[in-house]
$ cat protein-v3.cif   # mmCIF, C-alpha atoms
data_structure
loop_
_atom_site.group_PDB
_atom_site.id
_atom_site.type_symbol
_atom_site.label_atom_id
_atom_site.label_comp_id
_atom_site.auth_asym_id
_atom_site.auth_seq_id
_atom_site.Cartn_x
_atom_site.Cartn_y
_atom_site.Cartn_z
ATOM 1 C CA MET A 1 -96.558 167.610 -102.047
ATOM 2 C CA SER A 2 -97.719 171.181 -101.428
ATOM 3 C CA ALA A 3 -95.946 174.101 -103.081
ATOM 4 C CA VAL A 4 -92.614 174.903 -101.439
ATOM 5 C CA ARG A 5 -92.849 177.958 -99.228
ATOM 6 C CA SER A 6 -89.679 179.993 -98.895
ATOM 7 C CA THR A 7 -89.045 181.301 -95.415
ATOM 8 C CA ALA A 8 -89.383 184.874 -96.699
ATOM 9 C CA ASP A 9 -92.838 183.993 -98.060
ATOM 10 C CA VAL A 10 -93.813 182.566 -94.669
ATOM 11 C CA LEU A 11 -92.582 185.660 -92.826
ATOM 12 C CA ASP A 12 -94.446 187.908 -95.267
ATOM 13 C CA ALA A 13 -97.611 185.881 -94.686
ATOM 14 C CA VAL A 14 -97.237 186.235 -90.918
ATOM 15 C CA ARG A 15 -96.981 190.025 -91.274
ATOM 16 C CA ALA A 16 -99.963 190.089 -93.629
ATOM 17 C CA ASP A 17 -101.872 188.114 -91.000
ATOM 18 C CA GLY A 18 -101.209 190.898 -88.491
ATOM 19 C CA ARG A 19 -98.975 188.822 -86.248
ATOM 20 C CA PRO A 20 -95.809 190.423 -84.891
ATOM 21 C CA ALA A 21 -93.435 187.522 -85.517
ATOM 22 C CA ALA A 22 -93.321 183.957 -86.796
ATOM 23 C CA LEU A 23 -92.781 180.979 -84.538
ATOM 24 C CA VAL A 24 -89.882 178.805 -85.671
ATOM 25 C CA GLY A 25 -89.610 175.373 -84.056
ATOM 26 C CA TYR A 26 -86.531 173.138 -84.055
ATOM 27 C CA LEU A 27 -86.652 169.363 -83.660
ATOM 28 C CA PRO A 28 -83.914 166.860 -84.533
ATOM 29 C CA VAL A 29 -84.925 164.047 -86.879
ATOM 30 C CA GLY A 30 -84.566 160.664 -85.197
ATOM 31 C CA PHE A 31 -85.328 161.701 -81.631
ATOM 32 C CA PRO A 32 -86.576 159.573 -80.007
ATOM 33 C CA ASP A 33 -86.964 157.750 -83.359
ATOM 34 C CA VAL A 34 -87.572 158.858 -86.919
ATOM 35 C CA ASP A 35 -91.322 158.284 -87.091
ATOM 36 C CA THR A 36 -91.974 159.960 -83.735
ATOM 37 C CA SER A 37 -89.840 162.963 -84.664
ATOM 38 C CA ILE A 38 -91.855 163.424 -87.869
ATOM 39 C CA LYS A 39 -95.102 163.077 -85.922
ATOM 40 C CA ALA A 40 -93.868 165.668 -83.416
ATOM 41 C CA ALA A 41 -92.912 168.106 -86.189
ATOM 42 C CA LYS A 42 -96.381 167.814 -87.701
ATOM 43 C CA GLU A 43 -97.900 168.294 -84.242
ATOM 44 C CA ILE A 44 -96.079 171.574 -83.609
ATOM 45 C CA VAL A 45 -97.132 172.818 -87.053
ATOM 46 C CA ALA A 46 -100.743 172.051 -86.194
ATOM 47 C CA ALA A 47 -100.264 173.956 -82.920
ATOM 48 C CA GLY A 48 -99.026 177.127 -84.617
ATOM 49 C CA VAL A 49 -95.384 176.772 -85.680
ATOM 50 C CA ASP A 50 -94.830 178.608 -88.980
ATOM 51 C CA ILE A 51 -91.357 177.385 -89.914
ATOM 52 C CA VAL A 52 -89.875 174.031 -88.880
ATOM 53 C CA GLU A 53 -86.150 173.508 -88.490
ATOM 54 C CA LEU A 54 -85.388 169.823 -88.864
ATOM 55 C CA GLY A 55 -82.036 169.010 -87.347
ATOM 56 C CA LEU A 56 -79.661 166.604 -89.063
ATOM 57 C CA PRO A 57 -78.046 164.806 -86.103
ATOM 58 C CA TYR A 58 -74.279 165.137 -85.984
ATOM 59 C CA SER A 59 -71.675 163.690 -83.647
ATOM 60 C CA ASP A 60 -69.918 167.017 -82.976
ATOM 61 C CA PRO A 61 -72.680 169.620 -82.595
ATOM 62 C CA GLY A 62 -70.490 172.518 -81.450
ATOM 63 C CA MET A 63 -73.284 175.101 -81.234
ATOM 64 C CA ASP A 64 -75.682 172.920 -79.278
ATOM 65 C CA GLY A 65 -76.199 172.568 -75.551
ATOM 66 C CA VAL A 66 -76.820 169.412 -73.568
ATOM 67 C CA VAL A 67 -80.464 168.935 -74.557
ATOM 68 C CA ILE A 68 -79.847 168.919 -78.309
ATOM 69 C CA GLN A 69 -76.582 167.007 -77.898
ATOM 70 C CA HIS A 70 -78.433 164.266 -76.033
ATOM 71 C CA ALA A 71 -81.150 164.157 -78.685
ATOM 72 C CA ALA A 72 -78.536 163.887 -81.441
ATOM 73 C CA GLU A 73 -76.790 161.053 -79.603
ATOM 74 C CA VAL A 74 -80.073 159.150 -79.278
ATOM 75 C CA ALA A 75 -80.869 159.695 -82.947
ATOM 76 C CA LEU A 76 -77.445 158.550 -84.115
ATOM 77 C CA ALA A 77 -77.555 155.497 -81.843
ATOM 78 C CA GLY A 78 -80.919 154.689 -83.421
ATOM 79 C CA GLY A 79 -79.326 154.668 -86.859
ATOM 80 C CA VAL A 80 -80.754 157.858 -88.350
ATOM 81 C CA ARG A 81 -79.376 158.732 -91.784
ATOM 82 C CA THR A 82 -79.484 161.724 -94.087
ATOM 83 C CA ARG A 83 -82.132 159.978 -96.170
ATOM 84 C CA ASP A 84 -84.344 159.918 -93.058
ATOM 85 C CA VAL A 85 -83.979 163.689 -92.750
ATOM 86 C CA LEU A 86 -84.995 164.125 -96.384
ATOM 87 C CA ARG A 87 -88.055 161.911 -95.810
ATOM 88 C CA ALA A 88 -88.949 164.054 -92.823
ATOM 89 C CA VAL A 89 -88.611 167.192 -94.936
ATOM 90 C CA GLU A 90 -90.992 165.758 -97.520
ATOM 91 C CA GLU A 91 -93.596 164.702 -94.965
ATOM 92 C CA VAL A 92 -93.506 167.904 -92.894
ATOM 93 C CA SER A 93 -93.437 170.274 -95.878
ATOM 94 C CA ALA A 94 -96.628 168.565 -97.087
ATOM 95 C CA THR A 95 -98.382 170.254 -94.141
ATOM 96 C CA GLY A 96 -97.816 173.645 -95.795
ATOM 97 C CA ALA A 97 -95.250 174.853 -93.258
ATOM 98 C CA GLY A 98 -91.926 176.241 -94.357
ATOM 99 C CA VAL A 99 -89.285 173.593 -93.682
ATOM 100 C CA VAL A 100 -85.551 174.134 -93.444
ATOM 101 C CA VAL A 101 -82.790 171.740 -92.457
ATOM 102 C CA MET A 102 -80.349 172.821 -89.780
ATOM 103 C CA SER A 103 -77.099 170.998 -90.351
ATOM 104 C CA TYR A 104 -73.438 171.222 -89.582
ATOM 105 C CA TYR A 105 -71.498 171.290 -92.806
ATOM 106 C CA ASN A 106 -69.564 168.015 -92.614
ATOM 107 C CA PRO A 107 -72.605 165.778 -93.240
ATOM 108 C CA VAL A 108 -73.510 167.937 -96.249
ATOM 109 C CA LEU A 109 -69.967 167.722 -97.589
ATOM 110 C CA ARG A 110 -69.997 163.949 -97.149
ATOM 111 C CA TYR A 111 -73.312 163.639 -99.017
ATOM 112 C CA GLY A 112 -72.151 166.125 -101.658
ATOM 113 C CA VAL A 113 -73.152 169.781 -101.560
ATOM 114 C CA ASN A 114 -74.828 169.761 -104.952
ATOM 115 C CA ALA A 115 -76.503 166.387 -104.408
ATOM 116 C CA PHE A 116 -77.797 167.410 -100.979
ATOM 117 C CA SER A 117 -79.181 170.662 -102.371
ATOM 118 C CA ARG A 118 -80.853 168.821 -105.241
ATOM 119 C CA ASP A 119 -82.451 166.257 -102.915
ATOM 120 C CA LEU A 120 -83.461 168.854 -100.332
ATOM 121 C CA ALA A 121 -85.216 170.903 -102.999
ATOM 122 C CA SER A 122 -86.837 167.783 -104.438
ATOM 123 C CA ALA A 123 -88.170 166.875 -100.980
ATOM 124 C CA GLY A 124 -89.834 170.281 -100.646
ATOM 125 C CA GLY A 125 -87.307 171.912 -98.328
ATOM 126 C CA ALA A 126 -87.083 175.699 -98.333
ATOM 127 C CA GLY A 127 -83.390 175.859 -97.468
ATOM 128 C CA MET A 128 -80.737 175.225 -94.863
ATOM 129 C CA ILE A 129 -79.276 176.786 -91.726
ATOM 130 C CA THR A 130 -75.525 176.224 -91.405
ATOM 131 C CA PRO A 131 -74.271 177.068 -87.902
ATOM 132 C CA ASP A 132 -70.611 176.291 -88.614
ATOM 133 C CA LEU A 133 -70.321 177.724 -92.124
ATOM 134 C CA ILE A 134 -69.509 181.377 -92.736
ATOM 135 C CA PRO A 135 -70.322 183.139 -96.026
ATOM 136 C CA ASP A 136 -66.690 183.657 -96.997
ATOM 137 C CA GLU A 137 -66.163 179.868 -97.029
ATOM 138 C CA ALA A 138 -69.499 178.927 -98.587
ATOM 139 C CA ASP A 139 -68.946 179.272 -102.326
ATOM 140 C CA ASP A 140 -70.138 175.736 -103.110
ATOM 141 C CA TRP A 141 -73.272 176.060 -100.961
ATOM 142 C CA ILE A 142 -74.068 179.506 -102.358
ATOM 143 C CA ALA A 143 -73.785 178.192 -105.920
ATOM 144 C CA ALA A 144 -75.898 175.106 -105.200
ATOM 145 C CA SER A 145 -78.562 177.059 -103.327
ATOM 146 C CA ASP A 146 -78.814 179.426 -106.284
ATOM 147 C CA GLN A 147 -79.126 176.505 -108.679
ATOM 148 C CA TYR A 148 -81.934 174.855 -106.688
ATOM 149 C CA GLY A 149 -83.658 177.978 -105.359
ATOM 150 C CA LEU A 150 -82.957 177.284 -101.680
ATOM 151 C CA ASP A 151 -82.779 179.710 -98.782
ATOM 152 C CA ARG A 152 -79.335 179.961 -97.207
ATOM 153 C CA ILE A 153 -79.467 181.082 -93.615
ATOM 154 C CA PHE A 154 -76.232 182.188 -92.002
ATOM 155 C CA LEU A 155 -75.745 183.220 -88.378
ATOM 156 C CA VAL A 156 -74.707 186.435 -86.671
ATOM 157 C CA ALA A 157 -73.825 186.903 -83.007
ATOM 158 C CA PRO A 158 -73.431 189.795 -80.572
ATOM 159 C CA SER A 159 -69.697 189.720 -81.338
ATOM 160 C CA SER A 160 -70.211 190.232 -85.111
ATOM 161 C CA THR A 161 -68.653 193.395 -86.507
ATOM 162 C CA ARG A 162 -70.608 195.747 -88.750
ATOM 163 C CA GLU A 163 -68.612 194.470 -91.711
ATOM 164 C CA ARG A 164 -69.476 190.874 -90.791
ATOM 165 C CA LEU A 165 -73.146 191.754 -90.383
ATOM 166 C CA ALA A 166 -73.204 193.354 -93.850
ATOM 167 C CA MET A 167 -71.447 190.350 -95.440
ATOM 168 C CA THR A 168 -73.803 187.889 -93.769
ATOM 169 C CA ALA A 169 -76.924 189.875 -94.643
ATOM 170 C CA ALA A 170 -75.849 190.071 -98.289
ATOM 171 C CA ALA A 171 -75.114 186.344 -98.490
ATOM 172 C CA SER A 172 -78.282 185.153 -96.727
ATOM 173 C CA ARG A 173 -81.637 184.479 -98.313
ATOM 174 C CA GLY A 174 -84.868 184.021 -96.376
ATOM 175 C CA PHE A 175 -83.690 185.340 -93.026
ATOM 176 C CA VAL A 176 -80.585 185.863 -90.935
ATOM 177 C CA TYR A 177 -80.326 183.778 -87.761
ATOM 178 C CA ALA A 178 -79.390 186.036 -84.840
ATOM 179 C CA ALA A 179 -77.871 184.142 -81.910
ATOM 180 C CA SER A 180 -79.206 186.084 -78.931
ATOM 181 C CA THR A 181 -76.194 185.408 -76.775
ATOM 182 C CA MET A 182 -72.713 183.971 -76.912
ATOM 183 C CA GLY A 183 -72.633 180.273 -76.084
ATOM 184 C CA VAL A 184 -74.683 177.240 -77.014
ATOM 185 C CA THR A 185 -78.359 176.420 -77.329
ATOM 186 C CA GLY A 186 -80.447 175.694 -74.265
ATOM 187 C CA THR A 187 -83.074 177.108 -71.968
ATOM 188 C CA ARG A 188 -82.154 180.240 -70.015
ATOM 189 C CA THR A 189 -83.879 182.408 -67.471
ATOM 190 C CA ALA A 190 -83.562 185.444 -69.760
ATOM 191 C CA VAL A 191 -82.899 186.147 -73.410
ATOM 192 C CA GLY A 192 -79.537 187.754 -74.082
ATOM 193 C CA GLU A 193 -79.656 191.481 -73.423
ATOM 194 C CA HIS A 194 -77.860 192.181 -76.695
ATOM 195 C CA ALA A 195 -80.463 190.470 -78.885
ATOM 196 C CA ARG A 196 -82.555 193.564 -79.634
ATOM 197 C CA ARG A 197 -79.513 195.588 -80.624
ATOM 198 C CA LEU A 198 -78.221 192.720 -82.761
ATOM 199 C CA VAL A 199 -81.526 192.559 -84.654
ATOM 200 C CA ASP A 200 -81.499 196.326 -85.220
ATOM 201 C CA ASP A 201 -77.874 196.295 -86.376
ATOM 202 C CA THR A 202 -78.454 193.326 -88.698
ATOM 203 C CA ARG A 203 -81.421 195.085 -90.304
ATOM 204 C CA ALA A 204 -79.339 198.240 -90.658
ATOM 205 C CA ALA A 205 -76.694 196.122 -92.384
ATOM 206 C CA GLY A 206 -79.216 195.109 -95.036
ATOM 207 C CA ALA A 207 -81.089 192.042 -93.779
ATOM 208 C CA ALA A 208 -84.746 191.898 -94.796
ATOM 209 C CA ASN A 209 -85.665 189.410 -92.051
ATOM 210 C CA VAL A 210 -83.976 188.539 -88.773
ATOM 211 C CA CYS A 211 -85.059 185.666 -86.522
ATOM 212 C CA VAL A 212 -83.709 185.205 -83.001
ATOM 213 C CA GLY A 213 -82.644 181.923 -81.424
ATOM 214 C CA LEU A 214 -80.729 180.594 -78.410
ATOM 215 C CA GLY A 215 -82.287 180.902 -75.006
ATOM 216 C CA VAL A 216 -85.963 181.338 -75.913
ATOM 217 C CA SER A 217 -87.869 178.699 -73.979
ATOM 218 C CA ASN A 218 -91.188 180.009 -72.648
ATOM 219 C CA PRO A 219 -94.148 182.100 -73.808
ATOM 220 C CA ALA A 220 -93.007 185.245 -71.973
ATOM 221 C CA GLN A 221 -89.582 185.158 -73.630
ATOM 222 C CA ALA A 222 -91.180 184.481 -77.025
ATOM 223 C CA ALA A 223 -93.464 187.489 -76.638
ATOM 224 C CA GLU A 224 -90.508 189.659 -75.612
ATOM 225 C CA VAL A 225 -88.473 188.668 -78.681
ATOM 226 C CA GLY A 226 -91.536 188.953 -80.914
ATOM 227 C CA GLU A 227 -91.625 192.678 -80.127
ATOM 228 C CA TYR A 228 -88.552 193.301 -82.270
ATOM 229 C CA ALA A 229 -87.648 190.196 -84.342
ATOM 230 C CA ASP A 230 -89.289 188.730 -87.456
ATOM 231 C CA GLY A 231 -89.211 185.245 -86.012
ATOM 232 C CA VAL A 232 -88.684 183.534 -82.668
ATOM 233 C CA ILE A 233 -86.736 180.262 -82.716
ATOM 234 C CA VAL A 234 -87.372 177.629 -80.022
ATOM 235 C CA GLY A 235 -85.577 174.279 -79.879
ATOM 236 C CA SER A 236 -84.394 172.886 -76.564
ATOM 237 C CA ALA A 237 -87.671 173.591 -74.756
ATOM 238 C CA LEU A 238 -89.644 171.675 -77.397
ATOM 239 C CA ILE A 239 -87.237 168.740 -77.144
ATOM 240 C CA ARG A 240 -87.534 168.728 -73.358
ATOM 241 C CA ALA A 241 -91.310 168.603 -73.648
ATOM 242 C CA LEU A 242 -91.146 165.816 -76.238
ATOM 243 C CA ASP A 243 -88.695 163.849 -74.125
ATOM 244 C CA ALA A 244 -90.676 164.217 -70.915
ATOM 245 C CA ASP A 245 -94.259 163.786 -72.032
ATOM 246 C CA GLY A 246 -94.354 162.896 -75.710
ATOM 247 C CA VAL A 247 -95.660 164.412 -78.913
ATOM 248 C CA GLY A 248 -98.711 165.964 -77.279
ATOM 249 C CA ALA A 249 -96.567 167.896 -74.821
ATOM 250 C CA ALA A 250 -94.440 169.355 -77.606
ATOM 251 C CA GLY A 251 -97.608 170.433 -79.381
ATOM 252 C CA LYS A 252 -99.016 171.940 -76.189
ATOM 253 C CA LEU A 253 -95.896 174.041 -75.649
ATOM 254 C CA ALA A 254 -95.884 175.127 -79.302
ATOM 255 C CA GLY A 255 -99.481 176.244 -78.914
ATOM 256 C CA GLU A 256 -98.618 178.268 -75.808
ATOM 257 C CA LEU A 257 -95.678 179.910 -77.589
ATOM 258 C CA ALA A 258 -97.813 180.733 -80.629
ATOM 259 C CA GLY A 259 -100.497 182.168 -78.369
ATOM 260 C CA SER A 260 -98.019 184.476 -76.664
ATOM 261 C CA LEU A 261 -96.770 185.731 -80.021
ATOM 262 C CA ALA A 262 -100.304 186.412 -81.216
ATOM 263 C CA VAL A 263 -100.731 189.063 -78.530
ATOM 264 C CA ALA A 264 -97.167 190.442 -78.517
ATOM 265 C CA LYS A 265 -96.897 194.119 -79.384
ATOM 266 C CA LYS A 266 -94.552 195.417 -82.038
ATOM 267 C CA PRO A 267 -93.689 199.104 -82.369
ATOM 268 C CA VAL A 268 -94.842 200.750 -85.584
ATOM 269 C CA GLY A 269 -92.236 200.455 -88.351
ATOM 270 C CA LYS A 270 -90.630 197.282 -87.017
#
$ encode --input "protein-v3.cif" --output "structure tokens"
Amino acid sequence: MSAVRSTADVLDAVRADGRPAALVGYLPVGFPDVDTSIKAAKEIVAAGVDIVELGLPYSDPGMDGVVIQHAAEVALAGGVRTRDVLRAVEEVSATGAGVVVMSYYNPVLRYGVNAFSRDLASAGGAGMITPDLIPDEADDWIAASDQYGLDRIFLVAPSSTRERLAMTAAASRGFVYAASTMGVTGTRTAVGEHARRLVDDTRAAGAANVCVGLGVSNPAQAAEVGEYADGVIVGSALIRALDADGVGAAGKLAGELAGSLAVAKKPVGK
């Protein structure tokens, strides 16, 4: 296993490399099956993804749109288990990419917060994104992530107050996940108009790194977000490509997204 790369280390390396923003790719483990999902995750890393979000399929994915919901249903019907997600973390982190798990909190509670953190760290995971867990209710996860040196990535949204932004920035480690728009994941014709302001406000509230997700699906949108965010998160579009044309198509799209970010312009000081 290669040395674990925290997401902050990856984002620092991207800046040192002269690129405006990191590419963060989401894929659910178990879609269309476990081995193919691991192969696809490795493929998008080879194509230019810097940080991989491996989704732990869940039966009530409240933040996710129809594409990710369908993928989770397929994965669960195929019998995917938490141990499969941990195997995926180990195999994908061996590529040298930063790897985080994106999971709703119930599966983590069922596994045991401390046990999950221990096994995630042992597998080489950098941390976890928790879309349905807010910092004020995350004492167990905060303690476990401290014990095992894991990033804890909480979410902010355009509706977040300044006080909420400050609390979330203080509780997060690695980066803060900025939801570009209200609603669920999925491809959109435009990124939420409030995303740039949300990134600026979250930085002003104390966040060292802010990555933007929800609604980014094509190279033009990635380049636009890369002008002001530290990372650009793409999920549904990669799943669509994987579903339609296989692992190679997901890698091809990841390469196009990475290429657009390589030439995106970022104002001085951002």
$ atom_distance --input "protein-v3.cif" --atom1 "atom CA of Ala262 of chain A" --atom2 "atom CA of Ile153 of chain A"
24.8 Å
$ resolve_selection --input "protein-v3.cif" --expression "the PyMOL selection byres ((chain A and resi 171) around 10)" --output "PyMOL selection string"
chain A and resi 134-136+138+142+152-154+165-170+172-173+176+207
$ closest_residue --input "protein-v3.cif" --among "A:Glu43, A:Asp139, A:Asp33, A:Glu53" --to "Ala126 of chain A" --atoms "only C-alpha atoms"
A:Glu53
$ atom_distance --input "protein-v3.cif" --atom1 "atom CA of Gly18 of chain A" --atom2 "atom CA of Glu224 of chain A"
16.8 Å
$ closest_residue --input "protein-v3.cif" --among "A:Val92, A:Ala21, A:Ile44, A:Leu198" --to "Ser260 of chain A" --atoms "all atoms listed in the file"
A:Ala21
$ closest_residue --input "protein-v3.cif" --among "A:Ala204, A:Leu133, A:Val113, A:Ala241" --to "Gln147 of chain A" --atoms "all atoms listed in the file"
A:Val113
$ resolve_selection --input "protein-v3.cif" --expression "the PyMOL selection byres ((chain A and resi 125) around 8)" --output "ChimeraX atom specification"
/A:4,89-90,93,98-101,120-124,126-127,150
$ resolve_selection --input "protein-v3.cif" --expression "the PyMOL selection byres ((chain A and resi 225-237) around 9)" --output "MDAnalysis selection string"
chainID A and resid 11 15 20:28 53 65:68 175 177 185:187 191 195:196 199:200 209:218 220:224 238:242 250 253:254 257 260:261 264:267 270
$ atom_distance --input "protein-v3.cif" --atom1 "atom CA of Ser59 of chain A" --atom2 "atom CA of Ala179 of chain A"
21.4 Å
$ closest_residue --input "protein-v3.cif" --among "A:Ser37, A:Thr82, A:Gln69, A:Thr130" --to "Tyr111 of chain A" --atoms "all atoms listed in the file"
A:Thr82
$ closest_residue --input "protein-v3.cif" --among "A:Thr36, A:Ala244, A:Pro219, A:Met128" --to "Ala258 of chain A" --atoms "all atoms listed in the file"
A:Pro219
$ closest_residue --input "protein-v3.cif" --among "A:Gly149, A:Thr161, A:Thr202, A:Tyr58" --to "Leu76 of chain A" --atoms "all atoms listed in the file"
A:Tyr58
$ axis_aligned_box --input "protein-v3.cif" --around "segment 245-258 of chain A" --padding-each-side "4 Å" --output "lines of an AutoDock Vina configuration file"
center_x = -96.9
center_y = 171.8
center_z = -76.3
size_x = 13.2
size_y = 25.8
size_z = 16.6
$ residues_near_point --input "protein-v3.cif" --point "(-102.2, 170.6, -86.3)" --cutoff "12 Å" --atoms "all atoms listed in the file" --output "PyMOL selection string"
chain A and resi 39-50+92+95-97+247-248+250-252+254-255
$ decode --input "protein-v3.cif" --residues "segment 77-142 of chain A" --atoms "C-alpha atoms" --output "CSV table (one decimal), in the first residue's frame"
chain,number,residue,atom,x,y,z
A,77,ALA,CA,-29.2,-5.7,-5.3
A,78,GLY,CA,-25.9,-7.2,-6.2
A,79,GLY,CA,-25.1,-7.7,-2.5
A,80,VAL,CA,-22.4,-5.1,-1.9
A,81,ARG,CA,-21.3,-4.8,1.7
A,82,THR,CA,-19.2,-2.4,3.7
A,83,ARG,CA,-16.3,-4.8,3.5
A,84,ASP,CA,-16.4,-4.4,-0.3
A,85,VAL,CA,-16.1,-0.6,0.1
A,86,LEU,CA,-13.1,-1.1,2.4
A,87,ARG,CA,-11.5,-3.4,-0.2
A,88,ALA,CA,-12.1,-0.8,-2.9
A,89,VAL,CA,-10.5,1.9,-0.7
A,90,GLU,CA,-7.4,-0.3,-0.3
A,91,GLU,CA,-7.1,-1.1,-4.0
A,92,VAL,CA,-7.7,2.5,-5.2
A,93,SER,CA,-5.5,4.2,-2.6
A,94,ALA,CA,-2.7,1.9,-3.8
A,95,THR,CA,-2.7,4.0,-7.0
A,96,GLY,CA,-1.5,7.0,-5.1
A,97,ALA,CA,-4.7,9.0,-5.3
A,98,GLY,CA,-6.4,10.4,-2.3
A,99,VAL,CA,-9.4,8.3,-1.5
A,100,VAL,CA,-12.3,9.2,0.7
A,101,VAL,CA,-15.6,7.4,1.4
A,102,MET,CA,-18.8,9.2,0.9
A,103,SER,CA,-21.4,7.7,3.2
A,104,TYR,CA,-24.7,8.4,4.9
A,105,TYR,CA,-24.3,8.0,8.6
A,106,ASN,CA,-26.6,5.1,9.3
A,107,PRO,CA,-24.3,2.5,7.7
A,108,VAL,CA,-21.4,3.8,9.7
A,109,LEU,CA,-23.4,3.7,12.9
A,110,ARG,CA,-24.4,0.1,12.2
A,111,TYR,CA,-20.8,-0.9,11.6
A,112,GLY,CA,-19.6,1.1,14.6
A,113,VAL,CA,-18.1,4.6,14.3
A,114,ASN,CA,-14.8,3.7,15.9
A,115,ALA,CA,-14.5,0.4,14.1
A,116,PHE,CA,-15.3,1.9,10.7
A,117,SER,CA,-12.8,4.7,11.3
A,118,ARG,CA,-10.1,2.1,12.3
A,119,ASP,CA,-10.8,-0.1,9.2
A,120,LEU,CA,-11.0,2.9,6.9
A,121,ALA,CA,-7.6,4.2,8.1
A,122,SER,CA,-6.1,0.7,7.9
A,123,ALA,CA,-7.3,0.4,4.3
A,124,GLY,CA,-5.5,3.6,3.3
A,125,GLY,CA,-8.5,5.9,3.2
A,126,ALA,CA,-7.9,9.6,3.7
A,127,GLY,CA,-11.3,10.3,5.4
A,128,MET,CA,-15.0,10.5,4.9
A,129,ILE,CA,-17.7,12.8,3.5
A,130,THR,CA,-20.9,12.7,5.5
A,131,PRO,CA,-23.8,14.4,3.6
A,132,ASP,CA,-26.4,13.8,6.4
A,133,LEU,CA,-24.3,14.5,9.4
A,134,ILE,CA,-23.8,18.1,10.8
A,135,PRO,CA,-20.8,19.0,13.0
A,136,ASP,CA,-23.0,19.7,16.1
A,137,GLU,CA,-24.2,16.0,16.0
A,138,ALA,CA,-20.8,14.5,15.1
A,139,ASP,CA,-19.0,14.1,18.4
A,140,ASP,CA,-18.3,10.4,17.9
A,141,TRP,CA,-17.1,10.8,14.3
A,142,ILE,CA,-14.9,13.8,15.3
